[in-house]
Amino acid sequence: MSKKKTPEAAEAEQKAAGQTAETAEAQAAEPQTETAAPGEDWKAKYEELNDRFLRMAAEYDNFRKRSQREREQSHADAVSHAVKALLPTYDNLERALKAETADTEYKKGVELTMTQLTESFKGLNVTVIESSAGTAFDPNLHNAVMHVEDGELGENVIAEVFQQGFRIGDKVIRHAMVKVAN
């Protein structure tokens with residue numbers, strides 16, 4: 001049995017169908033504008049996350065480099081502290097080598113001990129600051145404790161070395177104590 005529709009019902013049905021079509025068209029138009037906005041939103045979010053990632057990677061790289069420098073610096077500080085503790089021994093051995101003695105075996109033992117100490121310093125990259133008589137005076141490396149008038153040497157030239165200076169790379173552990181000609 002089929003029901004016959006009244007003209008008002010048919011009109012209402014068409015009206016409802018028309019609204020549905022209009023609604024469908026409106027909904028079809030809305031997703032297009034909405035999909036454009038999320039696409040731009042996605043790009044903005046991507047750029048923000050990419051920027052955050054790059055900044056975090058740069059911060060990590062800086063942290064890694066800073067940590068490496070700090071480790072190297074602490075190692076150099078530890079070596080310099082240990083060498084400072086051994087420098088009085090070096091000075092005493094140097095004085096013992098300059099002292100006159102009749103015992104050749106004793107002198108040979110002191111020389112061997114001094115050689116072993118200097119080799120140990122070389123193994124730690126510790127070098128003696130060049131400060132022999134006749135070399136130029138450098139206030140960054142030498143400590144002038146005396147001045148002497150000497151026409152033969154010239155101005156700002158080391159006349160005598162009282163105590164050797166040492167350094168590790170560019171870092172001075174102990175300045176050389178010298179007498180300088182004016």
# chains A, B, ... in the order shown; residues from 1 in each chain; ligands from 1
>>> select_by_dssp(residues="region 109-173 of chain A", states="strand (DSSP E or B)", output="list in words")
Val126, Thr127, Val128, Ala136, His142, Asn143, Ala144, Val145, Met146, His147, Val148, Val157, Ile158, Ala159, Glu160, Val161, Phe162, Gln163, Phe166, Arg167, Ile168, Lys171, Val172 and Ile173 of chain A
>>> write_last_selection(atoms="N, CA and C atoms", output="PDB file, in the first residue's frame")
ATOM      1  N   VAL A 126     104.964  19.674  29.983  1.00  0.00           N
ATOM      2  CA  VAL A 126     105.496  20.814  30.724  1.00  0.00           C
ATOM      3  C   VAL A 126     106.835  21.165  30.083  1.00  0.00           C
ATOM      4  N   THR A 127     106.989  22.442  29.730  1.00  0.00           N
ATOM      5  CA  THR A 127     108.232  22.884  29.108  1.00  0.00           C
ATOM      6  C   THR A 127     108.882  23.958  29.960  1.00  0.00           C
ATOM      7  N   VAL A 128     110.209  24.047  29.853  1.00  0.00           N
ATOM      8  CA  VAL A 128     110.977  25.066  30.554  1.00  0.00           C
ATOM      9  C   VAL A 128     110.878  26.344  29.734  1.00  0.00           C
ATOM     10  N   ALA A 136     115.903  37.764  25.240  1.00  0.00           N
ATOM     11  CA  ALA A 136     115.080  38.951  25.486  1.00  0.00           C
ATOM     12  C   ALA A 136     114.147  38.727  26.675  1.00  0.00           C
ATOM     13  N   HIS A 142     108.734  36.089  32.347  1.00  0.00           N
ATOM     14  CA  HIS A 142     109.835  36.291  33.285  1.00  0.00           C
ATOM     15  C   HIS A 142     109.434  37.233  34.403  1.00  0.00           C
ATOM     16  N   ASN A 143     110.033  37.007  35.563  1.00  0.00           N
ATOM     17  CA  ASN A 143     109.839  37.882  36.713  1.00  0.00           C
ATOM     18  C   ASN A 143     111.184  38.524  37.016  1.00  0.00           C
ATOM     19  N   ALA A 144     111.282  39.826  36.749  1.00  0.00           N
ATOM     20  CA  ALA A 144     112.548  40.536  36.961  1.00  0.00           C
ATOM     21  C   ALA A 144     112.664  40.911  38.434  1.00  0.00           C
ATOM     22  N   VAL A 145     113.626  40.310  39.127  1.00  0.00           N
ATOM     23  CA  VAL A 145     113.814  40.606  40.547  1.00  0.00           C
ATOM     24  C   VAL A 145     114.996  41.551  40.772  1.00  0.00           C
ATOM     25  N   MET A 146     115.836  41.705  39.747  1.00  0.00           N
ATOM     26  CA  MET A 146     116.986  42.613  39.845  1.00  0.00           C
ATOM     27  C   MET A 146     117.214  43.273  38.485  1.00  0.00           C
ATOM     28  N   HIS A 147     117.792  44.486  38.550  1.00  0.00           N
ATOM     29  CA  HIS A 147     118.200  45.186  37.334  1.00  0.00           C
ATOM     30  C   HIS A 147     119.678  45.509  37.458  1.00  0.00           C
ATOM     31  N   VAL A 148     120.374  45.448  36.355  1.00  0.00           N
ATOM     32  CA  VAL A 148     121.796  45.742  36.343  1.00  0.00           C
ATOM     33  C   VAL A 148     122.098  46.590  35.109  1.00  0.00           C
ATOM     34  N   VAL A 157     117.413  42.729  28.311  1.00  0.00           N
ATOM     35  CA  VAL A 157     118.017  41.428  28.027  1.00  0.00           C
ATOM     36  C   VAL A 157     118.317  40.767  29.363  1.00  0.00           C
ATOM     37  N   ILE A 158     118.077  39.470  29.427  1.00  0.00           N
ATOM     38  CA  ILE A 158     118.302  38.721  30.664  1.00  0.00           C
ATOM     39  C   ILE A 158     119.806  38.588  30.906  1.00  0.00           C
ATOM     40  N   ALA A 159     120.233  38.990  32.099  1.00  0.00           N
ATOM     41  CA  ALA A 159     121.650  38.907  32.465  1.00  0.00           C
ATOM     42  C   ALA A 159     121.947  37.624  33.232  1.00  0.00           C
ATOM     43  N   GLU A 160     121.012  37.198  34.083  1.00  0.00           N
ATOM     44  CA  GLU A 160     121.237  36.009  34.906  1.00  0.00           C
ATOM     45  C   GLU A 160     119.885  35.383  35.262  1.00  0.00           C
ATOM     46  N   VAL A 161     119.879  34.053  35.396  1.00  0.00           N
ATOM     47  CA  VAL A 161     118.663  33.327  35.755  1.00  0.00           C
ATOM     48  C   VAL A 161     118.839  32.795  37.172  1.00  0.00           C
ATOM     49  N   PHE A 162     117.900  33.148  38.046  1.00  0.00           N
ATOM     50  CA  PHE A 162     117.936  32.656  39.417  1.00  0.00           C
ATOM     51  C   PHE A 162     117.099  31.396  39.589  1.00  0.00           C
ATOM     52  N   GLN A 163     115.986  31.341  38.888  1.00  0.00           N
ATOM     53  CA  GLN A 163     115.081  30.195  39.010  1.00  0.00           C
ATOM     54  C   GLN A 163     114.378  29.981  37.673  1.00  0.00           C
ATOM     55  N   PHE A 166     108.358  27.527  34.208  1.00  0.00           N
ATOM     56  CA  PHE A 166     107.739  26.397  33.517  1.00  0.00           C
ATOM     57  C   PHE A 166     106.350  26.784  33.036  1.00  0.00           C
ATOM     58  N   ARG A 167     105.922  26.104  31.983  1.00  0.00           N
ATOM     59  CA  ARG A 167     104.569  26.314  31.473  1.00  0.00           C
ATOM     60  C   ARG A 167     104.039  25.051  30.826  1.00  0.00           C
ATOM     61  N   ILE A 168     102.725  24.991  30.752  1.00  0.00           N
ATOM     62  CA  ILE A 168     102.025  23.925  30.031  1.00  0.00           C
ATOM     63  C   ILE A 168     101.305  24.615  28.884  1.00  0.00           C
ATOM     64  N   LYS A 171      99.910  28.285  29.202  1.00  0.00           N
ATOM     65  CA  LYS A 171      99.681  28.630  30.604  1.00  0.00           C
ATOM     66  C   LYS A 171     100.995  28.543  31.383  1.00  0.00           C
ATOM     67  N   VAL A 172     101.347  29.648  32.025  1.00  0.00           N
ATOM     68  CA  VAL A 172     102.579  29.706  32.816  1.00  0.00           C
ATOM     69  C   VAL A 172     102.302  29.112  34.198  1.00  0.00           C
ATOM     70  N   ILE A 173     103.107  28.121  34.567  1.00  0.00           N
ATOM     71  CA  ILE A 173     102.986  27.514  35.896  1.00  0.00           C
ATOM     72  C   ILE A 173     103.790  28.332  36.900  1.00  0.00           C
TER      73      ILE A 173
END
>>> atom_distance(atom1="CA of Lys179 (chain A)", atom2="CA of Ala76 (chain A)")
29.4 Å
>>> closest_residue(among="A:Asp51, A:Asp41, A:Asp170, A:Glu70", to="Asn125 (chain A)", atoms="only C-alpha atoms")
A:Asp170
>>> atom_distance(atom1="CA of Glu130 (chain A)", atom2="CA of Thr118 (chain A)")
14.6 Å
>>> decode(residues="region 130-172 of chain A", atoms="N, CA and C atoms", output="short mmCIF file (atom, residue, chain, number, x, y, z; two decimals), in the first residue's frame")
data_model
loop_
_atom_site.label_atom_id
_atom_site.label_comp_id
_atom_site.auth_asym_id
_atom_site.auth_seq_id
_atom_site.Cartn_x
_atom_site.Cartn_y
_atom_site.Cartn_z
N GLU A 130 112.20 29.52 28.12
CA GLU A 130 113.52 29.93 27.66
C GLU A 130 113.90 31.23 28.36
N SER A 131 114.93 31.13 29.19
CA SER A 131 115.33 32.31 29.96
C SER A 131 116.83 32.32 30.23
N SER A 132 117.60 31.86 29.28
CA SER A 132 119.05 31.85 29.49
C SER A 132 119.61 33.26 29.32
N ALA A 133 120.78 33.47 29.83
CA ALA A 133 121.42 34.79 29.75
C ALA A 133 121.59 35.17 28.28
N GLY A 134 121.21 36.41 27.98
CA GLY A 134 121.33 36.90 26.61
C GLY A 134 120.03 36.89 25.83
N THR A 135 119.00 36.23 26.34
CA THR A 135 117.70 36.22 25.65
C THR A 135 116.89 37.45 26.05
N ALA A 136 115.90 37.76 25.24
CA ALA A 136 115.08 38.95 25.49
C ALA A 136 114.15 38.73 26.67
N PHE A 137 113.95 39.79 27.44
CA PHE A 137 113.06 39.74 28.61
C PHE A 137 111.61 39.87 28.15
N ASP A 138 110.75 38.96 28.63
CA ASP A 138 109.32 39.01 28.34
C ASP A 138 108.58 39.02 29.67
N PRO A 139 107.88 40.12 29.99
CA PRO A 139 107.20 40.19 31.29
C PRO A 139 106.09 39.17 31.46
N ASN A 140 105.63 38.58 30.37
CA ASN A 140 104.61 37.54 30.47
C ASN A 140 105.19 36.21 30.92
N LEU A 141 106.50 36.04 30.73
CA LEU A 141 107.15 34.77 31.06
C LEU A 141 108.19 34.89 32.16
N HIS A 142 108.73 36.09 32.35
CA HIS A 142 109.83 36.29 33.28
C HIS A 142 109.43 37.23 34.40
N ASN A 143 110.03 37.01 35.56
CA ASN A 143 109.84 37.88 36.71
C ASN A 143 111.18 38.52 37.02
N ALA A 144 111.28 39.83 36.75
CA ALA A 144 112.55 40.54 36.96
C ALA A 144 112.66 40.91 38.43
N VAL A 145 113.63 40.31 39.13
CA VAL A 145 113.81 40.61 40.55
C VAL A 145 115.00 41.55 40.77
N MET A 146 115.84 41.71 39.75
CA MET A 146 116.99 42.61 39.84
C MET A 146 117.21 43.27 38.49
N HIS A 147 117.79 44.49 38.55
CA HIS A 147 118.20 45.19 37.33
C HIS A 147 119.68 45.51 37.46
N VAL A 148 120.37 45.45 36.35
CA VAL A 148 121.80 45.74 36.34
C VAL A 148 122.10 46.59 35.11
N GLU A 149 123.03 47.54 35.26
CA GLU A 149 123.47 48.35 34.13
C GLU A 149 124.62 47.60 33.46
N ASP A 150 124.40 47.18 32.22
CA ASP A 150 125.43 46.43 31.49
C ASP A 150 125.35 46.85 30.03
N GLY A 151 126.37 47.53 29.56
CA GLY A 151 126.40 48.02 28.19
C GLY A 151 126.56 46.90 27.17
N GLU A 152 127.14 45.79 27.56
CA GLU A 152 127.38 44.69 26.64
C GLU A 152 126.09 43.96 26.25
N LEU A 153 125.16 43.86 27.19
CA LEU A 153 123.94 43.08 26.93
C LEU A 153 122.86 43.86 26.20
N GLY A 154 122.75 45.12 26.42
CA GLY A 154 121.69 45.89 25.79
C GLY A 154 120.51 46.03 26.73
N GLU A 155 119.44 46.64 26.23
CA GLU A 155 118.28 46.92 27.07
C GLU A 155 117.29 45.76 27.03
N ASN A 156 116.68 45.47 28.18
CA ASN A 156 115.68 44.40 28.35
C ASN A 156 116.20 43.04 27.89
N VAL A 157 117.41 42.73 28.31
CA VAL A 157 118.02 41.43 28.03
C VAL A 157 118.32 40.77 29.36
N ILE A 158 118.08 39.47 29.43
CA ILE A 158 118.30 38.72 30.66
C ILE A 158 119.81 38.59 30.91
N ALA A 159 120.23 38.99 32.10
CA ALA A 159 121.65 38.91 32.46
C ALA A 159 121.95 37.62 33.23
N GLU A 160 121.01 37.20 34.08
CA GLU A 160 121.24 36.01 34.91
C GLU A 160 119.89 35.38 35.26
N VAL A 161 119.88 34.05 35.40
CA VAL A 161 118.66 33.33 35.75
C VAL A 161 118.84 32.80 37.17
N PHE A 162 117.90 33.15 38.05
CA PHE A 162 117.94 32.66 39.42
C PHE A 162 117.10 31.40 39.59
N GLN A 163 115.99 31.34 38.89
CA GLN A 163 115.08 30.20 39.01
C GLN A 163 114.38 29.98 37.67
N GLN A 164 114.37 28.72 37.21
CA GLN A 164 113.73 28.39 35.93
C GLN A 164 112.21 28.55 36.02
N GLY A 165 111.62 28.93 34.90
CA GLY A 165 110.17 29.02 34.81
C GLY A 165 109.63 27.85 33.99
N PHE A 166 108.36 27.53 34.21
CA PHE A 166 107.74 26.40 33.52
C PHE A 166 106.35 26.78 33.04
N ARG A 167 105.92 26.10 31.98
CA ARG A 167 104.57 26.31 31.47
C ARG A 167 104.04 25.05 30.83
N ILE A 168 102.73 24.99 30.75
CA ILE A 168 102.03 23.92 30.03
C ILE A 168 101.30 24.62 28.88
N GLY A 169 101.75 24.36 27.67
CA GLY A 169 101.15 25.04 26.52
C GLY A 169 101.39 26.54 26.66
N ASP A 170 100.31 27.32 26.72
CA ASP A 170 100.42 28.77 26.88
C ASP A 170 100.27 29.21 28.33
N LYS A 171 99.91 28.29 29.20
CA LYS A 171 99.68 28.63 30.60
C LYS A 171 101.00 28.54 31.38
N VAL A 172 101.35 29.65 32.02
CA VAL A 172 102.58 29.71 32.82
C VAL A 172 102.30 29.11 34.20
#
